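Student: Attaching a single structure in structure tokens format; questions to follow.
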Amino acid sequence: MPLEYDLLADNTINKSCLEYLLIETASISHEATVQVCDNENVRDHEQATASAEGNLTEEIGYNIGLKLVDYLLYLQKGKNGTGTPKFDQVVNIMKFVCKNVWESLFGRQIDNLRTNHRGTYVLVDRSFTMISRLDSPLGVQDTLNQTRKHYLWYPCGIIRGLLESLDIDSTVQAEVTEFPSVSFHIQTSK
Amino acid sequence: MIYSFWIFDRHCNCIYNRDFAQHKPASKDTVNRNNDKDEAKLLFGAIFSMSRLSSKLSDGNVLQSFRTGKYKAHLKETATGLRFILISDSNVGDLSGLLNQLYSDLYLNTIVKNGLSPVDFKEGMVIKNMSFINGADELITQNGDFI
Amino acid sequence: MSKPYKLIGEDVYKNRTEKINSELFTLTYGSVVAQLCRDYNNDYKKVNEQLESMGYNIGIRLIEEFLAKTNFGRCINFKETAEIISKVGFKMFLNTTPTVDNFSADGKQFNLILEDNPLAEFVELPDDNKAVKELWYSNVLVGVLKGALQMVQLDVDVSFVKDILRGDPSTEIKLRLNKILKDEIPAGED
């Protein structure tokens with residue numbers, strides 16, 4: 001479905017809308033997966049739950065990622081008419097993710113980008129806004145568990161979808177090293 | 001001197017309680033110690049009855065505080081039935097600013113916008129996430145009327 | 001005494017909210033709806049229910065933010081509720097002001113006409129001839145309104161009656177007040 005953007009006067013909304021939607025999305029994906037697992041009589045319930053659920057929120061992120069490049073390039077053109085970023089090398093795409101994508105989605109840029117120049121990239125966000133307010137009444141360990149289970153698939157999916165839209169296959173995993181710092185490990189074929 | 005902080009929810013349950021010892025940082029085990037005690041029930045009963053009386057006396061007449069010989073109770077009630085209460089000594093002035101901060105800044109950011117915290121507390125559930133507890137301690141102990 | 005709700009709404013949105021580009025929210029919401037349709041095998045009635053349920057959970061949080069930023073108390077009557085929802089509530093979160101229409105003689109029902117709907121910007125319903133009859137794409141709003149109003153003791157039936165995505169001339173939500181809920185009282189009081 002092609003998207004055509006009109007220049008709307010003030011197309012902003014309250015950030016809280018997205019925050020609440022993401023909190024609720026994380027909740028329902030958990031419930032939906034438990035149902036799926038029960039229905040299919042899966043033996044290794046825990047593992048199946050984690051990976052099936054990852055698929056749900058990851059898919060949601062993935063679909064957003066697919067459309068994101070178009071949208072961001074359009075935004076950039078609208079703002080200051082500077083040339084489109086160069087997507088010739090994968091490392092430049094990663095820089096685009098670290099700066100433009102992260103800034104517009106999460107309000108800040110990636111703090112650290114590392115690569116082995118052979119298809120592995122590590123992006124570190126020291127204070128990932130989507131998880132920084134999470135605080136479980138059951139304590140720090142539960143906060144970490146819940147974060148890993150429910151809240152990291154979405155950004156992983158976004159990155160994967162975005163790369164896919166630029167013809168790059170990848171696997172993306174996220175790790176919470178020290179809350180709220182998250183590192184995204186991207187493995188690409190190029 | 002602020003002695004204690006209480007939150008009651010729309011189900012009339014005490015979902016948070018914190019005592020402050022005089023002149024030293026209170027240890028964390030005075031958090032949520034009195035939620036089920038008589039003191040909590042009596043406090044709620046008093047607030048409840050007086051709020052009702054206030055609104056019967058005249059429309060839109062909102063109870064803000066009441067004072068006895070030794071204590072003063074400061075109240076903020078939201079339209080969602082949350083009641084934030086601070087108990088202080090009798091001489092303390094207006095704490096409505098602090099109560100507003102506790103709701104609009106702290107409760108909003110550490111409970112409402114925290115995906116891991118419930119907003120509807122079932123019987124027996126209390127607020128116990130550290131970001132709230134630490135935040136409340138900070139706001140209250142740094143208030144001019146604390147000591 | 002009529003309060004300047006329009007001004008209050010504009011002021012709160014302008015000065016007391018963090019803003020994001022609405023398209024990001026639109027993309028995310030669209031992705032969620034698409035995922036639900038896949039999960040429920042295009043059983044649009046189930047999708048509507050799930051959207052409403054998610055909305056309810058969002059609404060019970062959102063109302064606290066609404067009250068925190070506006071300091072409003074409970075409304076005097078349902079007409080005031082209508083004004084506040086349209087001019088302050090919608091403005092503060094979705095940066096749009098729906099029109100209040102068809103206010104009933106018994107003072108218990110009104111419609112909201114949404115001239116622009118950030119959730120559905122540039123969206124087209126699936127072409128299966130079923131969605132256009134059964135799916136209420138923005139049904140999350142129904143849940144949000146229901147949940148938020150429930151928390152201030154208003155038991156309201158909320159439903160979509162028209163949606164331009166379905167080919168209707170306008171997008172309209174109907175709100176009907178069932179009853180005013182009594183505040184809970186502590187055990188032992190009469």
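Note on naming: chains are A, B, ... as they come in the structure tokens, residues start from 1 per chain, ligands start from 1 in the order shown.
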Within stretch 18-82 of chain B, find each residue whose DSSP state, derived from the backbone, is alpha helix (DSSP H), and express the selection as a list in words.
Tutor: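 In stretch 18-82 of chain B, DSSP puts these residues in alpha helix (DSSP H): Asp38, Glu39, Ala40, Lys41, Leu42, Leu43, Phe44, Gly45, Ala46, Ile47, Phe48, Ser49, Met50, Ser51, Arg52, Leu53, Ser54, Ser55, Lys56 and Leu57 of chain B.
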Student: Go ahead and dump the residues you just picked, C-alpha atoms, as a PDB file, in the first residue's frame.
Tutor:
ATOM      1  CA  ASP B  38      -6.510   0.354  62.891  1.00  0.00           C
ATOM      2  CA  GLU B  39      -4.704   3.649  62.482  1.00  0.00           C
ATOM      3  CA  ALA B  40      -5.134   3.408  58.710  1.00  0.00           C
ATOM      4  CA  LYS B  41      -8.812   2.577  58.956  1.00  0.00           C
ATOM      5  CA  LEU B  42      -9.488   5.351  61.433  1.00  0.00           C
ATOM      6  CA  LEU B  43      -7.598   7.872  59.345  1.00  0.00           C
ATOM      7  CA  PHE B  44      -9.505   6.898  56.247  1.00  0.00           C
ATOM      8  CA  GLY B  45     -12.803   6.961  58.099  1.00  0.00           C
ATOM      9  CA  ALA B  46     -12.125  10.442  59.403  1.00  0.00           C
ATOM     10  CA  ILE B  47     -11.114  11.776  55.982  1.00  0.00           C
ATOM     11  CA  PHE B  48     -14.071  10.072  54.340  1.00  0.00           C
ATOM     12  CA  SER B  49     -16.631  11.447  56.775  1.00  0.00           C
ATOM     13  CA  MET B  50     -15.225  14.936  56.757  1.00  0.00           C
ATOM     14  CA  SER B  51     -15.057  15.062  52.963  1.00  0.00           C
ATOM     15  CA  ARG B  52     -18.672  14.037  52.829  1.00  0.00           C
ATOM     16  CA  LEU B  53     -19.589  16.686  55.368  1.00  0.00           C
ATOM     17  CA  SER B  54     -17.698  19.361  53.470  1.00  0.00           C
ATOM     18  CA  SER B  55     -19.508  18.663  50.249  1.00  0.00           C
ATOM     19  CA  LYS B  56     -22.861  18.545  52.008  1.00  0.00           C
ATOM     20  CA  LEU B  57     -22.203  21.962  53.503  1.00  0.00           C
TER      21      LEU B  57
END
Student: Which polymer residues have any atom within 12 Å of an atom of B:Gln142, counting only C-alpha atoms, with same-chain residues fewer than 4 positions away left out, as a ChimeraX atom specification?
Tutor: /B:1-2,25,98,134-138,146-147
Student: Got time to write the residues from that selection, C-alpha atoms, as a PDB file, in the first residue's frame?
Tutor:
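Wrote it out as selection-v9.pdb, contents follow:
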ATOM      1  CA  MET B   1       7.757  18.243  60.783  1.00  0.00           C
ATOM      2  CA  ILE B   2       6.115  15.754  58.443  1.00  0.00           C
ATOM      3  CA  PRO B  25      16.503   9.188  57.172  1.00  0.00           C
ATOM      4  CA  LEU B  98       3.865  18.917  47.786  1.00  0.00           C
ATOM      5  CA  ASN B 134      12.728   6.678  46.753  1.00  0.00           C
ATOM      6  CA  GLY B 135      11.029   9.446  44.836  1.00  0.00           C
ATOM      7  CA  ALA B 136       8.488  10.036  47.586  1.00  0.00           C
ATOM      8  CA  ASP B 137      11.187  10.074  50.250  1.00  0.00           C
ATOM      9  CA  GLU B 138      13.139  12.611  48.278  1.00  0.00           C
ATOM     10  CA  PHE B 146       9.977  18.361  56.690  1.00  0.00           C
ATOM     11  CA  ILE B 147      12.173  18.936  59.700  1.00  0.00           C
TER      12      ILE B 147
END
Student: Identify every residue of chain A that has at least one atom within 9 Å of any atom of chain B, counting only C-alpha atoms, and report the result as JSON, numbers by chain.
Tutor: {"A": [16, 19, 20, 22, 23, 24, 26, 27, 131, 132, 133, 134, 135, 136, 137, 138, 139, 140, 143, 146]}
Student: Those selected residues, please, written with C-alpha atoms and delivered as a PDB file, in the first residue's frame.
Tutor:
ATOM      1  CA  SER A  16       2.037   9.552  26.003  1.00  0.00           C
ATOM      2  CA  GLU A  19       3.880   5.106  25.444  1.00  0.00           C
ATOM      3  CA  TYR A  20       0.535   3.761  26.625  1.00  0.00           C
ATOM      4  CA  LEU A  22       3.380   0.157  23.726  1.00  0.00           C
ATOM      5  CA  ILE A  23       2.767  -0.746  27.373  1.00  0.00           C
ATOM      6  CA  GLU A  24      -0.538  -2.339  26.399  1.00  0.00           C
ATOM      7  CA  ALA A  26       3.561  -5.684  25.554  1.00  0.00           C
ATOM      8  CA  SER A  27       0.755  -6.901  27.864  1.00  0.00           C
ATOM      9  CA  ILE A 131      12.277   0.876  29.281  1.00  0.00           C
ATOM     10  CA  SER A 132      13.596   3.618  31.537  1.00  0.00           C
ATOM     11  CA  ARG A 133      10.345   3.955  33.501  1.00  0.00           C
ATOM     12  CA  LEU A 134       9.906   0.225  34.018  1.00  0.00           C
ATOM     13  CA  ASP A 135      10.194  -0.710  37.663  1.00  0.00           C
ATOM     14  CA  SER A 136       8.671  -3.893  38.964  1.00  0.00           C
ATOM     15  CA  PRO A 137       7.148  -3.964  42.457  1.00  0.00           C
ATOM     16  CA  LEU A 138       8.804  -7.361  42.747  1.00  0.00           C
ATOM     17  CA  GLY A 139      12.276  -5.930  42.498  1.00  0.00           C
ATOM     18  CA  VAL A 140      15.192  -5.410  40.145  1.00  0.00           C
ATOM     19  CA  THR A 143      12.269  -5.734  36.135  1.00  0.00           C
ATOM     20  CA  GLN A 146      10.119  -8.582  32.199  1.00  0.00           C
TER      21      GLN A 146
END
Student: C:Asn111: which residues within 7 Å, counting only C-alpha atoms, same-chain residues fewer than 2 positions away excluded, as a PyMOL selection string?
Tutor: chain C and resi 100-102+113+172-175
Student: Within 9 Å of chain A, which residues of chain C show up? Give each one with its shortest atom-to-atom distance in Å (one decimal) and the two atoms involved, counting only C-alpha atoms, rows by chain then rising residue number, as a Markdown table.
Tutor:
| residue | atom | partner | partner_atom | distance |
| --- | --- | --- | --- | --- |
| C:Tyr13 | CA | A:Asn14 | CA | 7.6 |
| C:Thr17 | CA | A:Asn14 | CA | 6.1 |
| C:Glu18 | CA | A:Lys15 | CA | 5.5 |
| C:Lys19 | CA | A:Asn14 | CA | 4.7 |
| C:Ile20 | CA | A:Lys15 | CA | 5.3 |
| C:Asn21 | CA | A:Thr12 | CA | 4.4 |
| C:Ser22 | CA | A:Thr12 | CA | 4.8 |
| C:Glu23 | CA | A:Asn11 | CA | 7.6 |
| C:Leu24 | CA | A:Leu105 | CA | 7.4 |
| C:Phe25 | CA | A:Leu18 | CA | 5.8 |
| C:Leu27 | CA | A:Ile64 | CA | 5.9 |
| C:Thr28 | CA | A:Ile64 | CA | 6.3 |
| C:Tyr29 | CA | A:Leu21 | CA | 7.7 |
| C:Gly30 | CA | A:Ile64 | CA | 8.7 |
| C:Ser31 | CA | A:Ile60 | CA | 5.2 |
| C:Val32 | CA | A:Ile60 | CA | 6.0 |
| C:Ala34 | CA | A:Ile60 | CA | 8.4 |
| C:Gln35 | CA | A:Ile60 | CA | 6.7 |
| C:Asp39 | CA | A:Ala32 | CA | 8.7 |
| C:Gln50 | CA | A:Ile28 | CA | 8.9 |
| C:Met54 | CA | A:Glu24 | CA | 6.2 |
| C:Gly55 | CA | A:Glu24 | CA | 8.4 |
| C:Asn57 | CA | A:Glu24 | CA | 7.1 |
| C:Ile58 | CA | A:Tyr20 | CA | 5.9 |
| C:Gly59 | CA | A:Tyr20 | CA | 9.0 |
| C:Arg61 | CA | A:Tyr20 | CA | 8.0 |
| C:Leu62 | CA | A:Tyr20 | CA | 7.8 |
| C:Glu65 | CA | A:Ser16 | CA | 8.9 |
| C:Lys91 | CA | A:Ile13 | CA | 8.8 |
| C:Met92 | CA | A:Asn14 | CA | 6.9 |
| C:Phe93 | CA | A:Asn14 | CA | 4.9 |
| C:Leu94 | CA | A:Ile13 | CA | 5.1 |
| C:Asn95 | CA | A:Ile13 | CA | 5.4 |
| C:Thr96 | CA | A:Ile13 | CA | 8.7 |
| C:Pro118 | CA | A:Ile13 | CA | 8.2 |
| C:Phe122 | CA | A:Leu3 | CA | 6.9 |
| C:Val123 | CA | A:Leu3 | CA | 8.7 |
| C:Glu124 | CA | A:Met1 | CA | 8.3 |
Student: Within 6 Å of chain C, which residues belong to chain B? Use only C-alpha atoms and report them as an mmCIF file with N, CA and C atoms, in the first residue's frame.
Tutor:
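Contents of the output file iface33.cif:
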data_model
loop_
_atom_site.group_PDB
_atom_site.id
_atom_site.type_symbol
_atom_site.label_atom_id
_atom_site.label_comp_id
_atom_site.auth_asym_id
_atom_site.auth_seq_id
_atom_site.Cartn_x
_atom_site.Cartn_y
_atom_site.Cartn_z
ATOM 1 N N HIS B 11 -10.871 1.943 46.189
ATOM 2 C CA HIS B 11 -11.519 0.841 46.893
ATOM 3 C C HIS B 11 -11.399 0.995 48.403
ATOM 4 N N CYS B 12 -10.980 2.170 48.837
ATOM 5 C CA CYS B 12 -10.834 2.479 50.259
ATOM 6 C C CYS B 12 -9.719 1.697 50.941
ATOM 7 N N ALA B 79 -10.125 12.983 41.205
ATOM 8 C CA ALA B 79 -11.441 12.596 40.700
ATOM 9 C C ALA B 79 -11.536 11.090 40.498
ATOM 10 N N THR B 80 -10.381 10.401 40.504
ATOM 11 C CA THR B 80 -10.381 8.949 40.345
ATOM 12 C C THR B 80 -10.417 8.237 41.689
ATOM 13 N N SER B 104 1.140 14.466 40.573
ATOM 14 C CA SER B 104 1.352 14.817 39.166
ATOM 15 C C SER B 104 2.724 14.474 38.632
ATOM 16 N N VAL B 112 1.749 5.253 36.936
ATOM 17 C CA VAL B 112 0.877 5.281 35.772
ATOM 18 C C VAL B 112 1.631 4.964 34.487
#
Student: Work out how far atom CA of C:Leu51 is from atom CA of A:His150, in Å to one decimal.
Tutor: 19.0 Å
Student: Name the residues in contact with B:Ala73 at a cut-off of 12 Å, using only C-alpha atoms, excluding same-chain residues fewer than 2 positions from it; report them as a ChimeraX atom specification.
Tutor: /B:1-6,43-44,46-47,50,63-71,75-76,83-96,99
